[in-house]
Amino acid sequence: MAFTIFFATSTGKTEDIADRLKELLPGTEAKDVDNIGSIDELVNAESLICCIPTWNTGADEARSGTAWDDLAQDIPNQDFAGKSVAILGLGDSSGYSDFFCDAMEELYTAFLQSGAKMIGKVPTSGYTYDDSKSVIDGKFCGLPIDEDNESELTDQRLNQWVQQINSEA
Ligand SMILES: Cc1cc2nc3c(=O)[nH]c(=O)nc-3n(C[C@H](O)[C@H](O)[C@H](O)COP(=O)(O)O)c2cc1C
């Protein structure tokens with residue numbers, strides 16, 4: 001299954017992770033959703049990895065502060081049936097411990113409503129945080145990455161997750 005990586009970023013960390021993910025998935029493209037022409041680029045992808053930072057602390061909606069916020073409104077109106085979608089979130093588990101990677105859930109729920117097959121859920125063990133809207137039925141609905149506090153764990157987290165989504169797609 002060929003993945004396309006889609007990301008948005010405010011200060012560059014999510015773009016850096018999208019690039020590192022691309023290295024682990026040879027032949028994969030990484031696209032900034034700020035630069036895509038329309039949502040059709042998402043709809044036309046075979047399988048998707050969507051990388052999203054959290055900025056809008058505690059918000060019910062528009063938790064990313066990036067172009068993902070508008071796309072999340074539109075995704076449920078599209079048909080992603082039969083496509084595998086994996087979510088990856090950037091956050092700060094220490095500074096924003098009550099809202100750790102909250103934006104992942106918004107995107108996860110939007111894609112779920114569009115009929116996508118959601119892959120890449122991750123156990124919460126191994127993370128220290130107080131609360132996260134992205135924990136669903138005891139698991140993170142995607143892969144949390146914390147470059148602010150735990151960058152030394154990122155390589156291992158990415159490698160393990162890539163194996164997981166390759167087998168689940
Ligand atoms: C104003 C502000 C608000 C933030 N809010 C959250 C938050 O609610 N939850 C969280 O996990 N991280 C939060 N963060 C941390 C960022 O998500 C984190 O630094 C991320 O790596 C930024 O990614 P980017 O460089 O791609 O924008 C916040 C950071 C800032 C500066």
# chains A, B, ... in the order shown; residues from 1 in each chain; ligands from 1
$ closest_atom_pairs --of "chain A" --to "ligand 1" --cutoff "7 Å" --atoms "only C-alpha atoms and all ligand atoms" --output "tab-separated table"
residue	atom	partner	partner_atom_place_in_ligand_line	distance
A:Ala8	CA	ligand 1	26 (O)	6.6
A:Thr9	CA	ligand 1	26 (O)	3.6
A:Ser10	CA	ligand 1	27 (O)	3.5
A:Thr11	CA	ligand 1	25 (O)	3.4
A:Gly12	CA	ligand 1	25 (O)	4.1
A:Lys13	CA	ligand 1	25 (O)	3.7
A:Thr14	CA	ligand 1	26 (O)	3.6
A:Glu15	CA	ligand 1	26 (O)	6.1
A:Pro53	CA	ligand 1	17 (O)	4.7
A:Thr54	CA	ligand 1	17 (O)	4.1
A:Trp55	CA	ligand 1	5 (N)	3.6
A:Asn56	CA	ligand 1	5 (N)	5.4
A:Thr57	CA	ligand 1	8 (O)	3.4
A:Gly58	CA	ligand 1	8 (O)	5.9
A:Leu90	CA	ligand 1	21 (O)	4.7
A:Gly91	CA	ligand 1	11 (O)	3.2
A:Asp92	CA	ligand 1	12 (N)	4.1
A:Ser93	CA	ligand 1	11 (O)	5.6
A:Tyr96	CA	ligand 1	9 (N)	4.8
A:Ser97	CA	ligand 1	11 (O)	6.7
A:Phe99	CA	ligand 1	9 (N)	4.5
A:Phe100	CA	ligand 1	11 (O)	3.4
A:Cys101	CA	ligand 1	11 (O)	3.9
A:Asp102	CA	ligand 1	9 (N)	5.9
A:Asp146	CA	ligand 1	21 (O)	6.3
A:Glu147	CA	ligand 1	21 (O)	5.6
A:Asp148	CA	ligand 1	19 (O)	5.9
$ write_last_selection --atoms "N, CA, C and O atoms" --output "tab-separated table (two decimals), in the first residue's frame"
chain	number	residue	atom	x	y	z
A	8	ALA	N	1.25	19.61	8.45
A	8	ALA	CA	1.21	21.07	8.58
A	8	ALA	C	2.06	21.41	9.80
A	8	ALA	O	2.26	20.57	10.68
A	9	THR	N	2.59	22.62	9.81
A	9	THR	CA	3.50	22.99	10.89
A	9	THR	C	3.43	24.48	11.18
A	9	THR	O	3.10	25.25	10.28
A	10	SER	N	3.72	24.86	12.42
A	10	SER	CA	3.87	26.28	12.73
A	10	SER	C	5.33	26.65	12.89
A	10	SER	O	5.77	27.69	12.40
A	11	THR	N	6.11	25.82	13.58
A	11	THR	CA	7.52	26.18	13.82
A	11	THR	C	8.50	25.18	13.22
A	11	THR	O	9.69	25.22	13.52
A	12	GLY	N	8.00	24.26	12.40
A	12	GLY	CA	8.90	23.40	11.63
A	12	GLY	C	9.11	22.00	12.17
A	12	GLY	O	9.65	21.14	11.47
A	13	LYS	N	8.69	21.74	13.41
A	13	LYS	CA	8.99	20.42	13.98
A	13	LYS	C	8.21	19.31	13.27
A	13	LYS	O	8.74	18.22	13.04
A	14	THR	N	6.97	19.57	12.94
A	14	THR	CA	6.17	18.52	12.28
A	14	THR	C	6.69	18.26	10.87
A	14	THR	O	6.68	17.11	10.40
A	15	GLU	N	7.18	19.30	10.22
A	15	GLU	CA	7.79	19.10	8.89
A	15	GLU	C	9.03	18.23	9.01
A	15	GLU	O	9.26	17.33	8.19
A	53	PRO	N	0.46	19.06	14.44
A	53	PRO	CA	0.84	19.58	15.77
A	53	PRO	C	-0.40	20.07	16.53
A	53	PRO	O	-1.42	20.36	15.91
A	54	THR	N	-0.29	20.17	17.86
A	54	THR	CA	-1.37	20.76	18.67
A	54	THR	C	-0.91	22.13	19.16
A	54	THR	O	0.18	22.26	19.72
A	55	TRP	N	-1.72	23.14	18.94
A	55	TRP	CA	-1.39	24.50	19.40
A	55	TRP	C	-2.54	25.14	20.17
A	55	TRP	O	-2.31	25.95	21.04
A	56	ASN	N	-3.76	24.79	19.81
A	56	ASN	CA	-4.88	25.54	20.38
A	56	ASN	C	-5.32	24.90	21.68
A	56	ASN	O	-6.30	24.18	21.76
A	57	THR	N	-4.58	25.18	22.73
A	57	THR	CA	-4.69	24.50	24.01
A	57	THR	C	-6.12	24.44	24.55
A	57	THR	O	-6.74	25.47	24.77
A	58	GLY	N	-6.58	23.22	24.77
A	58	GLY	CA	-7.87	23.02	25.42
A	58	GLY	C	-9.08	23.25	24.53
A	58	GLY	O	-10.21	23.09	24.99
A	90	LEU	N	2.28	15.92	16.95
A	90	LEU	CA	3.38	16.55	17.69
A	90	LEU	C	2.79	17.31	18.86
A	90	LEU	O	1.78	18.02	18.70
A	91	GLY	N	3.42	17.18	20.04
A	91	GLY	CA	2.93	17.89	21.21
A	91	GLY	C	4.01	17.99	22.26
A	91	GLY	O	5.14	17.53	22.07
A	92	ASP	N	3.64	18.59	23.38
A	92	ASP	CA	4.57	18.83	24.49
A	92	ASP	C	3.92	18.25	25.75
A	92	ASP	O	3.01	18.85	26.32
A	93	SER	N	4.41	17.08	26.16
A	93	SER	CA	3.76	16.34	27.25
A	93	SER	C	4.05	16.96	28.62
A	93	SER	O	3.39	16.62	29.60
A	96	TYR	N	2.27	21.13	28.20
A	96	TYR	CA	0.81	21.10	27.92
A	96	TYR	C	0.27	19.71	28.29
A	96	TYR	O	-0.44	19.06	27.51
A	97	SER	N	0.60	19.31	29.51
A	97	SER	CA	0.33	17.94	29.96
A	97	SER	C	-1.16	17.58	30.00
A	97	SER	O	-1.52	16.41	29.89
A	99	PHE	N	-3.31	18.57	27.79
A	99	PHE	CA	-3.86	18.63	26.42
A	99	PHE	C	-2.92	17.96	25.44
A	99	PHE	O	-2.81	18.36	24.28
A	100	PHE	N	-2.25	16.90	25.90
A	100	PHE	CA	-1.15	16.33	25.11
A	100	PHE	C	-1.64	15.81	23.76
A	100	PHE	O	-2.48	14.92	23.68
A	101	CYS	N	-1.12	16.40	22.71
A	101	CYS	CA	-1.43	15.98	21.33
A	101	CYS	C	-2.93	15.92	21.05
A	101	CYS	O	-3.40	15.05	20.31
A	102	ASP	N	-3.69	16.85	21.63
A	102	ASP	CA	-5.16	16.85	21.49
A	102	ASP	C	-5.63	16.87	20.04
A	102	ASP	O	-6.71	16.36	19.73
A	146	ASP	N	7.03	13.80	20.87
A	146	ASP	CA	7.31	14.96	21.73
A	146	ASP	C	8.75	15.40	21.52
A	146	ASP	O	9.66	14.93	22.20
A	147	GLU	N	8.94	16.30	20.57
A	147	GLU	CA	10.28	16.80	20.28
A	147	GLU	C	10.75	17.79	21.34
A	147	GLU	O	11.94	18.08	21.42
A	148	ASP	N	9.83	18.33	22.13
A	148	ASP	CA	10.21	19.32	23.14
A	148	ASP	C	10.90	18.68	24.34
A	148	ASP	O	11.76	19.29	24.96
$ select_by_dssp --residues "chain A" --states "alpha helix (DSSP H)" --output "VMD selection string"
chain A and resid 13 to 24 40 to 43 68 to 74 103 to 113 154 to 168
$ write_last_selection --atoms "N, CA and C atoms" --output "short mmCIF file (atom, residue, chain, number, x, y, z; two decimals), in the first residue's frame"
data_model
loop_
_atom_site.label_atom_id
_atom_site.label_comp_id
_atom_site.auth_asym_id
_atom_site.auth_seq_id
_atom_site.Cartn_x
_atom_site.Cartn_y
_atom_site.Cartn_z
N LYS A 13 8.69 21.74 13.41
CA LYS A 13 8.99 20.42 13.98
C LYS A 13 8.21 19.31 13.27
N THR A 14 6.97 19.57 12.94
CA THR A 14 6.17 18.52 12.28
C THR A 14 6.69 18.26 10.87
N GLU A 15 7.18 19.30 10.22
CA GLU A 15 7.79 19.10 8.89
C GLU A 15 9.03 18.23 9.01
N ASP A 16 9.84 18.47 10.03
CA ASP A 16 11.05 17.67 10.23
C ASP A 16 10.68 16.20 10.44
N ILE A 17 9.64 15.95 11.23
CA ILE A 17 9.22 14.57 11.47
C ILE A 17 8.67 13.95 10.18
N ALA A 18 7.94 14.72 9.40
CA ALA A 18 7.42 14.21 8.12
C ALA A 18 8.59 13.81 7.21
N ASP A 19 9.65 14.60 7.22
CA ASP A 19 10.83 14.28 6.40
C ASP A 19 11.51 13.00 6.90
N ARG A 20 11.59 12.86 8.22
CA ARG A 20 12.22 11.64 8.77
C ARG A 20 11.39 10.41 8.47
N LEU A 21 10.09 10.60 8.49
CA LEU A 21 9.17 9.49 8.16
C LEU A 21 9.35 9.08 6.69
N LYS A 22 9.54 10.08 5.84
CA LYS A 22 9.74 9.84 4.41
C LYS A 22 10.97 8.97 4.18
N GLU A 23 12.02 9.22 4.95
CA GLU A 23 13.24 8.41 4.82
C GLU A 23 12.98 6.94 5.17
N LEU A 24 12.03 6.72 6.08
CA LEU A 24 11.74 5.35 6.52
C LEU A 24 10.77 4.63 5.57
N ASP A 40 -8.92 17.29 -2.76
CA ASP A 40 -8.82 16.14 -3.68
C ASP A 40 -7.46 15.46 -3.59
N GLU A 41 -6.42 16.22 -3.24
CA GLU A 41 -5.09 15.60 -3.11
C GLU A 41 -5.10 14.54 -2.00
N LEU A 42 -5.86 14.81 -0.96
CA LEU A 42 -6.00 13.81 0.11
C LEU A 42 -6.85 12.65 -0.38
N VAL A 43 -7.96 12.98 -1.03
CA VAL A 43 -8.92 11.96 -1.46
C VAL A 43 -8.28 11.02 -2.48
N TRP A 68 -4.79 22.19 8.81
CA TRP A 68 -5.58 20.99 9.14
C TRP A 68 -6.95 21.35 9.72
N ASP A 69 -7.04 22.51 10.40
CA ASP A 69 -8.29 22.86 11.09
C ASP A 69 -9.45 22.98 10.11
N ASP A 70 -9.21 23.64 8.98
CA ASP A 70 -10.27 23.76 7.97
C ASP A 70 -10.52 22.41 7.29
N LEU A 71 -9.44 21.69 7.01
CA LEU A 71 -9.60 20.38 6.34
C LEU A 71 -10.42 19.42 7.21
N ALA A 72 -10.22 19.49 8.52
CA ALA A 72 -10.94 18.59 9.43
C ALA A 72 -12.46 18.80 9.35
N GLN A 73 -12.85 20.04 8.99
CA GLN A 73 -14.29 20.32 8.82
C GLN A 73 -14.83 19.65 7.56
N ASP A 74 -13.97 19.55 6.56
CA ASP A 74 -14.38 19.10 5.23
C ASP A 74 -14.24 17.58 5.04
N ALA A 103 -4.85 17.48 19.15
CA ALA A 103 -5.33 17.67 17.77
C ALA A 103 -5.47 16.35 17.01
N MET A 104 -4.73 15.32 17.44
CA MET A 104 -4.84 14.04 16.70
C MET A 104 -6.28 13.55 16.65
N GLU A 105 -6.97 13.70 17.77
CA GLU A 105 -8.35 13.16 17.84
C GLU A 105 -9.29 13.83 16.86
N GLU A 106 -9.09 15.12 16.64
CA GLU A 106 -9.98 15.85 15.73
C GLU A 106 -9.86 15.29 14.32
N LEU A 107 -8.63 15.04 13.92
CA LEU A 107 -8.39 14.50 12.58
C LEU A 107 -8.86 13.04 12.50
N TYR A 108 -8.57 12.29 13.56
CA TYR A 108 -8.97 10.89 13.62
C TYR A 108 -10.49 10.75 13.44
N THR A 109 -11.23 11.56 14.20
CA THR A 109 -12.69 11.48 14.15
C THR A 109 -13.21 11.90 12.78
N ALA A 110 -12.60 12.92 12.20
CA ALA A 110 -13.03 13.38 10.87
C ALA A 110 -12.85 12.27 9.83
N PHE A 111 -11.69 11.61 9.84
CA PHE A 111 -11.44 10.54 8.88
C PHE A 111 -12.34 9.33 9.14
N LEU A 112 -12.58 9.05 10.40
CA LEU A 112 -13.46 7.93 10.74
C LEU A 112 -14.85 8.16 10.14
N GLN A 113 -15.32 9.40 10.24
CA GLN A 113 -16.66 9.74 9.70
C GLN A 113 -16.68 9.64 8.18
N THR A 154 12.41 9.64 19.69
CA THR A 154 11.66 9.78 18.44
C THR A 154 12.05 8.72 17.40
N ASP A 155 13.34 8.48 17.22
CA ASP A 155 13.76 7.50 16.19
C ASP A 155 13.11 6.14 16.44
N GLN A 156 13.21 5.71 17.69
CA GLN A 156 12.66 4.40 18.05
C GLN A 156 11.13 4.37 17.84
N ARG A 157 10.47 5.45 18.25
CA ARG A 157 9.01 5.52 18.09
C ARG A 157 8.63 5.48 16.61
N LEU A 158 9.36 6.21 15.79
CA LEU A 158 9.04 6.25 14.36
C LEU A 158 9.28 4.88 13.71
N ASN A 159 10.43 4.28 14.03
CA ASN A 159 10.76 2.98 13.42
C ASN A 159 9.71 1.92 13.73
N GLN A 160 9.34 1.86 15.01
CA GLN A 160 8.37 0.85 15.46
C GLN A 160 7.01 1.08 14.79
N TRP A 161 6.63 2.34 14.71
CA TRP A 161 5.31 2.69 14.18
C TRP A 161 5.23 2.42 12.68
N VAL A 162 6.33 2.69 11.97
CA VAL A 162 6.34 2.44 10.52
C VAL A 162 6.12 0.94 10.26
N GLN A 163 6.77 0.11 11.06
CA GLN A 163 6.53 -1.34 10.92
C GLN A 163 5.06 -1.67 11.16
N GLN A 164 4.51 -1.05 12.22
CA GLN A 164 3.11 -1.31 12.57
C GLN A 164 2.16 -0.90 11.45
N ILE A 165 2.31 0.31 10.94
CA ILE A 165 1.33 0.77 9.92
C ILE A 165 1.52 0.03 8.61
N ASN A 166 2.77 -0.39 8.31
CA ASN A 166 2.97 -1.19 7.10
C ASN A 166 2.22 -2.51 7.21
N SER A 167 2.18 -3.08 8.39
CA SER A 167 1.49 -4.37 8.53
C SER A 167 -0.03 -4.20 8.66
N GLU A 168 -0.48 -3.02 9.13
CA GLU A 168 -1.93 -2.83 9.30
C GLU A 168 -2.63 -2.31 8.04
#
$ atom_distance --atom1 "atom CA of A:Ser38" --atom2 "atom CA of A:Ile75"
11.4 Å
$ closest_residue --among "A:Gly138, A:Gly82, A:Gly95, A:Gly37" --to "A:Ala169" --atoms "only C-alpha atoms"
A:Gly82
$ select_by_dssp --residues "chain A" --states "strand (DSSP E or B)" --output "JSON, numbers by chain"
{"A": [3, 4, 5, 6, 7, 30, 31, 32, 47, 48, 49, 50, 51, 52, 53, 84, 85, 86, 87, 88, 89, 90, 117, 118, 119, 122, 123, 135, 136, 139, 140, 143, 144, 145]}
$ write_last_selection --atoms "C-alpha atoms" --output "PDB file, in the first residue's frame"
ATOM      1  CA  PHE A   3       1.460   6.008   1.615  1.00  0.00           C
ATOM      2  CA  THR A   4       1.483   9.755   1.038  1.00  0.00           C
ATOM      3  CA  ILE A   5       2.556  11.859   4.016  1.00  0.00           C
ATOM      4  CA  PHE A   6       0.581  15.050   4.627  1.00  0.00           C
ATOM      5  CA  PHE A   7       1.686  17.529   7.292  1.00  0.00           C
ATOM      6  CA  ALA A  30       5.629  14.471   2.029  1.00  0.00           C
ATOM      7  CA  LYS A  31       3.189  17.280   1.233  1.00  0.00           C
ATOM      8  CA  ASP A  32       2.483  20.428   3.246  1.00  0.00           C
ATOM      9  CA  SER A  47      -3.111   5.536   1.912  1.00  0.00           C
ATOM     10  CA  LEU A  48      -2.396   8.526   4.115  1.00  0.00           C
ATOM     11  CA  ILE A  49      -0.147   9.455   7.022  1.00  0.00           C
ATOM     12  CA  CYS A  50      -1.344  12.755   8.482  1.00  0.00           C
ATOM     13  CA  CYS A  51       1.048  14.665  10.745  1.00  0.00           C
ATOM     14  CA  ILE A  52      -0.497  17.361  12.946  1.00  0.00           C
ATOM     15  CA  PRO A  53       0.836  19.579  15.771  1.00  0.00           C
ATOM     16  CA  SER A  84      -5.923   3.375   5.308  1.00  0.00           C
ATOM     17  CA  VAL A  85      -5.220   6.504   7.325  1.00  0.00           C
ATOM     18  CA  ALA A  86      -2.630   6.851  10.112  1.00  0.00           C
ATOM     19  CA  ILE A  87      -2.374   9.914  12.349  1.00  0.00           C
ATOM     20  CA  LEU A  88       0.849  11.255  13.910  1.00  0.00           C
ATOM     21  CA  GLY A  89       0.763  14.143  16.378  1.00  0.00           C
ATOM     22  CA  LEU A  90       3.377  16.550  17.688  1.00  0.00           C
ATOM     23  CA  LYS A 117      -9.786   2.520   7.897  1.00  0.00           C
ATOM     24  CA  MET A 118      -7.901   4.008  10.857  1.00  0.00           C
ATOM     25  CA  ILE A 119      -4.541   2.376  11.558  1.00  0.00           C
ATOM     26  CA  VAL A 122      -0.485   3.288  20.052  1.00  0.00           C
ATOM     27  CA  PRO A 123      -0.518   2.175  23.738  1.00  0.00           C
ATOM     28  CA  VAL A 135      -6.809   8.668  24.002  1.00  0.00           C
ATOM     29  CA  ILE A 136      -9.710   6.576  22.735  1.00  0.00           C
ATOM     30  CA  LYS A 139      -5.025   3.921  23.314  1.00  0.00           C
ATOM     31  CA  PHE A 140      -3.685   6.969  21.503  1.00  0.00           C
ATOM     32  CA  LEU A 143       1.509   8.188  17.272  1.00  0.00           C
ATOM     33  CA  PRO A 144       2.401  11.029  19.690  1.00  0.00           C
ATOM     34  CA  ILE A 145       5.844  12.571  19.147  1.00  0.00           C
TER      35      ILE A 145
END
$ closest_residue --among "A:Ala67, A:Lys133, A:Asn77, A:Lys121" --to "A:Val33" --atoms "only C-alpha atoms"
A:Ala67
$ closest_residue --among "A:Gln78, A:Glu46, A:Ser134, A:Thr124" --to "A:Asp60" --atoms "only C-alpha atoms"
A:Ser134
$ closest_residue --among "A:Gly120, A:Asp130, A:Asp34, A:Ser94" --to "A:Glu150" --atoms "only C-alpha atoms"
A:Ser94
$ atom_distance --atom1 "atom CA of A:Asn44" --atom2 "atom CA of A:Glu29"
13.5 Å
